[in-house]
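What's in my_file.cif: mmCIF, C-alpha atoms and all ligand atoms
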```cif
data_coords
#
loop_
_atom_site.label_atom_id
_atom_site.label_comp_id
_atom_site.auth_asym_id
_atom_site.auth_seq_id
_atom_site.Cartn_x
_atom_site.Cartn_y
_atom_site.Cartn_z
CA MET K 1 9.76 -21.89 -18.66
CA ARG K 2 11.20 -18.86 -20.40
CA ILE K 3 13.83 -16.49 -19.01
CA THR K 4 13.78 -12.70 -19.08
CA PRO K 5 16.76 -10.62 -17.95
CA SER K 6 16.56 -7.83 -15.40
CA ILE K 7 19.13 -5.18 -16.34
CA LEU K 8 19.50 -3.96 -12.75
CA THR K 9 23.03 -5.35 -12.27
CA ALA K 10 24.28 -4.12 -15.67
CA ASP K 11 26.96 -1.47 -16.16
CA PHE K 12 24.61 1.33 -17.23
CA THR K 13 27.34 3.05 -19.28
CA ARG K 14 27.37 -0.06 -21.49
CA LEU K 15 23.68 -0.90 -21.33
CA GLY K 16 23.12 -0.93 -25.09
CA GLU K 17 25.85 -3.52 -25.64
CA THR K 18 24.55 -5.63 -22.75
CA ILE K 19 21.06 -5.63 -24.22
CA ASP K 20 22.44 -6.51 -27.67
CA SER K 21 24.32 -9.47 -26.11
CA ALA K 22 21.15 -10.68 -24.40
CA ILE K 23 19.23 -10.51 -27.67
CA ASN K 24 22.04 -12.28 -29.53
CA ALA K 25 21.87 -15.00 -26.88
CA GLY K 26 18.21 -15.56 -27.79
CA ILE K 27 16.36 -13.33 -25.31
CA ASP K 28 13.11 -11.83 -26.66
CA TRP K 29 11.67 -10.31 -23.45
CA ILE K 30 13.36 -7.74 -21.17
CA HIS K 31 12.27 -6.95 -17.60
CA LEU K 32 12.68 -3.29 -16.58
CA ASP K 33 12.84 -2.58 -12.83
CA VAL K 34 11.63 0.95 -12.12
CA MET K 35 12.24 2.26 -8.57
CA ASP K 36 11.39 5.82 -7.63
CA GLY K 37 13.58 6.38 -4.56
CA ASN K 38 10.56 6.09 -2.31
CA TRP K 39 8.56 2.89 -2.54
CA VAL K 40 11.16 0.16 -1.93
CA VAL K 41 12.47 -0.17 1.64
CA ASN K 42 16.04 0.83 0.76
CA ARG K 43 14.81 3.89 -1.22
CA THR K 44 16.63 2.93 -4.41
CA ILE K 45 16.31 4.96 -7.60
CA THR K 46 16.91 3.03 -10.82
CA PHE K 47 15.59 4.60 -14.05
CA GLY K 48 12.40 5.81 -15.64
CA PRO K 49 10.60 6.39 -18.94
CA ALA K 50 13.46 8.25 -20.68
CA LEU K 51 15.80 5.26 -20.51
CA ILE K 52 12.99 2.87 -21.42
CA ARG K 53 12.22 4.93 -24.54
CA SER K 54 15.89 4.65 -25.60
CA ILE K 55 15.81 0.90 -25.00
CA ARG K 56 12.68 0.59 -27.15
CA GLU K 57 14.35 2.56 -29.94
CA ARG K 58 17.43 0.35 -29.76
CA VAL K 59 15.68 -3.04 -29.68
CA GLY K 60 12.92 -2.26 -32.19
CA PRO K 61 9.34 -3.51 -32.04
CA GLU K 62 10.03 -7.26 -31.85
CA ILE K 63 11.42 -7.45 -28.30
CA PHE K 64 8.79 -7.63 -25.54
CA LEU K 65 9.37 -5.08 -22.76
CA ASP K 66 7.72 -5.27 -19.36
CA CYS K 67 8.12 -2.65 -16.67
CA HIS K 68 7.94 -3.66 -13.02
CA LEU K 69 6.85 -0.49 -11.27
CA MET K 70 8.18 -0.20 -7.72
CA VAL K 71 6.82 3.32 -7.29
CA THR K 72 4.35 5.08 -5.00
CA ASN K 73 2.26 6.60 -7.76
CA ALA K 74 1.75 3.97 -10.48
CA GLU K 75 -1.88 5.03 -10.86
CA GLU K 76 -0.76 8.55 -11.81
CA THR K 77 2.35 7.71 -13.88
CA TRP K 78 1.60 4.45 -15.75
CA LYS K 79 0.91 6.31 -19.02
CA GLN K 80 4.51 7.58 -19.18
CA TYR K 81 5.71 3.97 -19.41
CA VAL K 82 3.14 3.13 -22.07
CA ASP K 83 4.25 6.17 -24.08
CA ALA K 84 7.89 5.09 -23.64
CA GLY K 85 7.04 1.86 -25.45
CA VAL K 86 6.52 -0.95 -22.93
CA ASP K 87 4.24 -3.86 -23.84
CA LEU K 88 3.23 -4.74 -20.27
CA VAL K 89 2.98 -2.70 -17.07
CA ILE K 90 3.25 -4.63 -13.78
CA ALA K 91 2.06 -2.72 -10.70
CA HIS K 92 2.47 -3.67 -7.04
CA ILE K 93 -0.86 -4.54 -5.42
CA GLU K 94 0.45 -3.01 -2.15
CA ALA K 95 0.99 0.36 -3.86
CA ILE K 96 -2.30 0.96 -5.66
CA GLU K 97 -5.84 1.76 -4.57
CA ASP K 98 -8.01 0.69 -7.48
CA PRO K 99 -6.44 -2.26 -9.35
CA GLY K 100 -9.53 -2.76 -11.53
CA ALA K 101 -9.35 0.81 -12.86
CA LEU K 102 -5.62 0.56 -13.56
CA ILE K 103 -6.05 -2.74 -15.41
CA SER K 104 -8.80 -1.30 -17.57
CA ASN K 105 -6.81 1.89 -18.27
CA LEU K 106 -3.83 -0.20 -19.39
CA HIS K 107 -5.98 -2.37 -21.64
CA SER K 108 -7.66 0.70 -23.18
CA SER K 109 -4.20 2.07 -23.95
CA GLY K 110 -3.33 -1.06 -25.89
CA VAL K 111 -0.86 -2.66 -23.45
CA LYS K 112 -1.00 -5.72 -21.23
CA ALA K 113 -1.69 -5.50 -17.51
CA GLY K 114 0.05 -7.29 -14.65
CA LEU K 115 -0.04 -7.24 -10.87
CA VAL K 116 2.79 -8.22 -8.51
CA LEU K 117 2.88 -9.06 -4.83
CA ASN K 118 5.64 -9.02 -2.23
CA PRO K 119 6.68 -12.21 -0.38
CA ASP K 120 4.60 -11.25 2.68
CA THR K 121 1.43 -10.20 0.80
CA ASP K 122 -1.52 -12.60 0.61
CA THR K 123 -2.61 -14.08 -2.74
CA SER K 124 -6.21 -13.09 -1.89
CA THR K 125 -5.29 -9.47 -2.72
CA ILE K 126 -4.74 -10.36 -6.40
CA LEU K 127 -7.02 -13.36 -7.04
CA PRO K 128 -10.20 -11.23 -7.54
CA TYR K 129 -8.51 -9.56 -10.57
CA LEU K 130 -7.08 -12.73 -12.13
CA SER K 131 -9.61 -12.99 -14.96
CA ASP K 132 -8.54 -9.56 -16.29
CA LEU K 133 -4.79 -9.96 -15.80
CA ASP K 134 -2.29 -10.85 -18.52
CA LEU K 135 0.37 -11.66 -15.93
CA VAL K 136 0.81 -12.26 -12.21
CA LEU K 137 4.28 -11.76 -10.72
CA VAL K 138 5.32 -13.39 -7.44
CA MET K 139 8.33 -11.70 -5.80
CA SER K 140 10.81 -14.21 -4.39
CA VAL K 141 12.87 -11.46 -2.71
CA VAL K 142 11.84 -8.25 -0.97
CA PRO K 143 12.13 -5.76 -3.86
CA GLY K 144 14.89 -3.18 -3.72
CA LYS K 145 18.03 -4.54 -5.33
CA GLY K 146 19.51 -7.30 -7.46
CA GLY K 147 21.62 -10.16 -6.13
CA GLN K 148 19.50 -11.11 -3.08
CA SER K 149 18.82 -14.67 -1.90
CA PHE K 150 15.80 -16.56 -3.22
CA MET K 151 12.97 -17.10 -0.70
CA PRO K 152 11.69 -20.70 -1.16
CA GLU K 153 8.71 -20.04 1.12
CA VAL K 154 6.89 -18.33 -1.78
CA GLU K 155 6.16 -21.81 -3.21
CA GLU K 156 2.66 -21.85 -1.71
CA LYS K 157 1.77 -18.53 -3.39
CA VAL K 158 3.05 -19.76 -6.74
CA ARG K 159 1.06 -22.99 -6.44
CA THR K 160 -2.11 -21.08 -5.46
CA PHE K 161 -1.85 -18.86 -8.54
CA ARG K 162 -0.90 -21.82 -10.77
CA SER K 163 -4.00 -23.77 -9.87
CA ALA K 164 -6.29 -20.71 -10.10
CA ILE K 165 -4.90 -19.87 -13.55
CA ASP K 166 -5.21 -23.48 -14.74
CA LYS K 167 -8.84 -23.52 -13.58
CA GLN K 168 -9.49 -20.21 -15.36
CA LYS K 169 -7.95 -21.53 -18.60
CA ALA K 170 -9.93 -24.79 -18.39
CA ASN K 171 -13.11 -22.68 -18.18
CA GLY K 172 -12.16 -20.83 -21.36
CA GLY K 173 -10.82 -17.78 -19.49
CA ARG K 174 -7.74 -15.66 -20.03
CA GLU K 175 -4.33 -17.33 -20.32
CA THR K 176 -2.70 -15.31 -17.52
CA LEU K 177 1.06 -15.82 -17.35
CA LEU K 178 2.80 -16.59 -14.06
CA MET K 179 6.18 -14.94 -13.43
CA ILE K 180 8.70 -15.10 -10.58
CA ASP K 181 11.34 -12.45 -9.77
CA GLY K 182 14.29 -12.46 -7.40
CA GLY K 183 17.23 -14.73 -6.70
CA ILE K 184 16.69 -17.10 -9.64
CA LYS K 185 19.91 -18.82 -10.71
CA SER K 186 20.88 -22.09 -12.39
CA HIS K 187 20.63 -23.93 -9.04
CA ASN K 188 16.91 -23.14 -8.47
CA ALA K 189 15.58 -22.59 -12.02
CA ASN K 190 14.45 -26.21 -12.29
CA LEU K 191 12.65 -25.95 -8.94
CA VAL K 192 10.53 -22.96 -9.94
CA ALA K 193 9.88 -24.47 -13.39
CA ASN K 194 8.41 -27.48 -11.57
CA TRP K 195 6.20 -25.18 -9.49
CA GLY K 196 4.61 -24.15 -12.79
CA ILE K 197 6.24 -20.78 -13.45
CA ASP K 198 5.91 -19.58 -17.07
CA ILE K 199 8.59 -16.86 -16.99
CA ALA K 200 11.48 -16.35 -14.59
CA VAL K 201 13.21 -12.97 -14.23
CA VAL K 202 16.97 -13.41 -13.87
CA GLY K 203 19.21 -10.45 -13.02
CA SER K 204 22.56 -11.21 -11.39
CA GLY K 205 22.36 -14.83 -12.59
CA LEU K 206 22.66 -13.60 -16.19
CA ILE K 207 24.51 -10.28 -15.95
CA ASN K 208 27.57 -10.90 -13.76
CA ASN K 209 31.35 -11.22 -13.89
CA LYS K 210 31.30 -15.01 -14.01
CA GLY K 211 30.38 -15.64 -17.62
CA THR K 212 28.89 -14.04 -20.69
CA ILE K 213 25.11 -13.64 -20.87
CA SER K 214 25.03 -16.40 -23.46
CA GLU K 215 27.03 -18.81 -21.25
CA ASN K 216 24.94 -17.99 -18.19
CA LEU K 217 21.70 -18.41 -20.13
CA ASP K 218 22.82 -21.78 -21.53
CA GLU K 219 23.66 -22.95 -18.02
CA ILE K 220 20.21 -21.96 -16.73
CA ILE K 221 18.40 -23.51 -19.68
CA SER K 222 20.28 -26.80 -19.31
CA ALA K 223 19.50 -26.78 -15.56
CA ILE K 224 15.78 -26.42 -16.39
CA ASN K 225 15.91 -29.27 -18.90
CA ASN K 226 17.71 -31.70 -16.59
C1 LIG X 301 14.13 -6.78 -7.27
C2 LIG X 301 13.87 -6.66 -8.78
C3 LIG X 301 14.47 -7.74 -9.62
C4 LIG X 301 15.70 -8.38 -9.22
C5 LIG X 301 16.28 -9.43 -10.11
O1 LIG X 301 13.77 -5.62 -6.66
O2 LIG X 301 12.52 -6.58 -9.03
O3 LIG X 301 13.96 -7.90 -10.89
O4 LIG X 301 16.62 -7.41 -8.94
O5 LIG X 301 17.63 -9.60 -9.83
P1 LIG X 301 18.25 -10.92 -9.22
O6 LIG X 301 17.96 -12.02 -10.21
O7 LIG X 301 19.69 -10.60 -9.10
O8 LIG X 301 17.59 -11.18 -7.90
ZN ZN X 302 11.65 -6.96 -11.10
#
```
Before we go any further, please render this structure as structure tokens.
Amino acid sequence: MRITPSILTADFTRLGETIDSAINAGIDWIHLDVMDGNWVVNRTITFGPALIRSIRERVGPEIFLDCHLMVTNAEETWKQYVDAGVDLVIAHIEAIEDPGALISNLHSSGVKAGLVLNPDTDTSTILPYLSDLDLVLVMSVVPGKGGQSFMPEVEEKVRTFRSAIDKQKANGGRETLLMIDGGIKSHNANLVANWGIDIAVVGSGLINNKGTISENLDEIISAINN
């Protein structure tokens, strides 16, 4: 299982240095949480395409950037994130009307396409699109802020997607990646790795006042391997 940092809990005045530290620690994928002040329950605003463009310029072409869109109008605004330089756009199934059209627009623009669901949304909303998806993201917190507690009850959703993806791969289909986001720390990283997660987003577990990103990452990686 690989780890990607969410920069949500970073000191934004020192974001460049934080990203450099993550890359020096061995990170090659960064998760960008976009909230528009409307879609998440607590109405948070985080950042948008302008900041993402600066991040792309700083990290160069080698680092993989995904953007997790927690916005009301992903079907109207997705192109701004593509133009800002992301490699993968992940849209909430609860927030869009025509997932098939969005997926095909993203692919035609040369980027990867992902869908994400909230802890209380049924897997049946996403499964019909699985064969066209590069990534499925299962939220293990209600989106809105970093530092929330992990919800272990999402296990069943993860296992449903894991077996559907494995079946798809065995039939020669797309190698869709399975990601989890919210409340992942060293104490539960091994658990979600055993559920069959490919990539875990870690925010406050990596960027905090307890240790450096490199120390925190080492702790999580050794927890996964034990
Ligand atoms: C939640 C976001 C996250 C999350 C990760 O709305 O999508 O990516 O903040 O942060 P931690 O790991 O602190 O839960
Ligand atoms: Zn996220």
Atom CA of K:Glu156 to atom CA of K:Thr72, distance in Å rounded to a single decimal: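 Distance between the two atoms: 27.2 Å.
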K:Trp29 environment, 12 Å, only C-alpha atoms, sequence neighbours closer than 3 positions dropped, as a list in words: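 Returned residues: Arg2, Ile3, Thr4, Pro5, Ser6, Ile7, Ile19, Ala22, Ile23, Ala25, Gly26, Leu32, Arg56, Val59, Gly60, Pro61, Glu62, Ile63, Phe64, Leu65, Asp66, Cys67, Val86, Asp87, Leu88, Ile199, Ala200, Val201 and Val202 of chain K.
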Within 9 Å of ligand ZN 302 (chain X) (all atoms listed in the file), residues as number ranges by chain: K: 6, 8, 31-34, 67-70, 137, 139, 143-146, 180-182, 201-203
Proximity to ligand LIG 301 (chain X) - best of K:Pro152, K:Gly211, K:Gly147, K:Gly48, only C-alpha atoms and all ligand atoms: K:Gly147
Atom-to-atom span, atom CA of K:Ala91 and atom CA of K:Tyr129, Å: 12.6 Å
If I put a ball of radius 9 Å at (-0.9, 8.6, -5.5) in the file's coordinates, which residues poke into it when counting all atoms listed in the file, written as a CSV table (one decimal) with C-alpha atoms, in the coordinates of the input?
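Okay, result.csv is ready:
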```
chain,number,residue,atom,x,y,z
K,72,THR,CA,4.4,5.1,-5.0
K,73,ASN,CA,2.3,6.6,-7.8
K,74,ALA,CA,1.8,4.0,-10.5
K,75,GLU,CA,-1.9,5.0,-10.9
K,76,GLU,CA,-0.8,8.6,-11.8
K,95,ALA,CA,1.0,0.4,-3.9
K,96,ILE,CA,-2.3,1.0,-5.7
K,97,GLU,CA,-5.8,1.8,-4.6
```
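With atom CA of K:Ala170 on one side and atom CA of K:Ala101 on the other, the separation reads 26.2 Å.
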Around all the atoms of ligand LIG 301 (chain X) listed in the file, with 8 Å of room on each side, what axis-aligned box do you get, giving centre and edge lengths in Å to one decimal, as lines of an AutoDock Vina configuration file?
```
center_x = 16.1
center_y = -8.8
center_z = -8.8
size_x = 23.2
size_y = 22.4
size_z = 20.2
```
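Distance check against K:His107 using all atoms listed in the file: of K:Val82, K:Arg159, K:Thr121, K:Asp166, the minimum falls on K:Val82.
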Long-range neighbours of K:Thr18 as a count of residues only, 9 Å cut-off, all atoms listed in the file, 6 positions minimum in chain: 6
Nearby residues, (-3.6, -21.6, -18.9) file frame, 12 Å, only C-alpha atoms, as a ChimeraX atom specification: /K:130-131,134-135,161-178,196-198
Nearest-residue call for ligand LIG 301 (chain X), choices K:Asn225, K:Ser104, K:Ser21, K:Thr9, using all atoms listed in the file: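 With all atoms listed in the file as the atom set, the closest residue is K:Thr9.
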Of the listed residues K:Gly100, K:Gly114, K:Gly183, K:Gly37, that which approaches ligand LIG 301 (chain X) most closely, counting only C-alpha atoms and all ligand atoms: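 Once distances to ligand LIG 301 (chain X) are computed over only C-alpha atoms and all ligand atoms, the minimum belongs to K:Gly183.
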Counting only C-alpha atoms, the option among K:Pro99, K:Pro128, K:Gly205, K:Gly16 closest to K:Phe150: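 For K:Phe150, the nearest of the candidates is K:Gly205.
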Top pick for closest residue to ligand LIG 301 (chain X), considering K:Ser222, K:Thr46, K:Asn118, K:Ser204 and counting only C-alpha atoms and all ligand atoms: K:Ser204
Spatial neighbours of K:His92, max dist 6 Å, only C-alpha atoms, sep filter under 4 positions, as a PyMOL selection string: chain K and resi 115-117
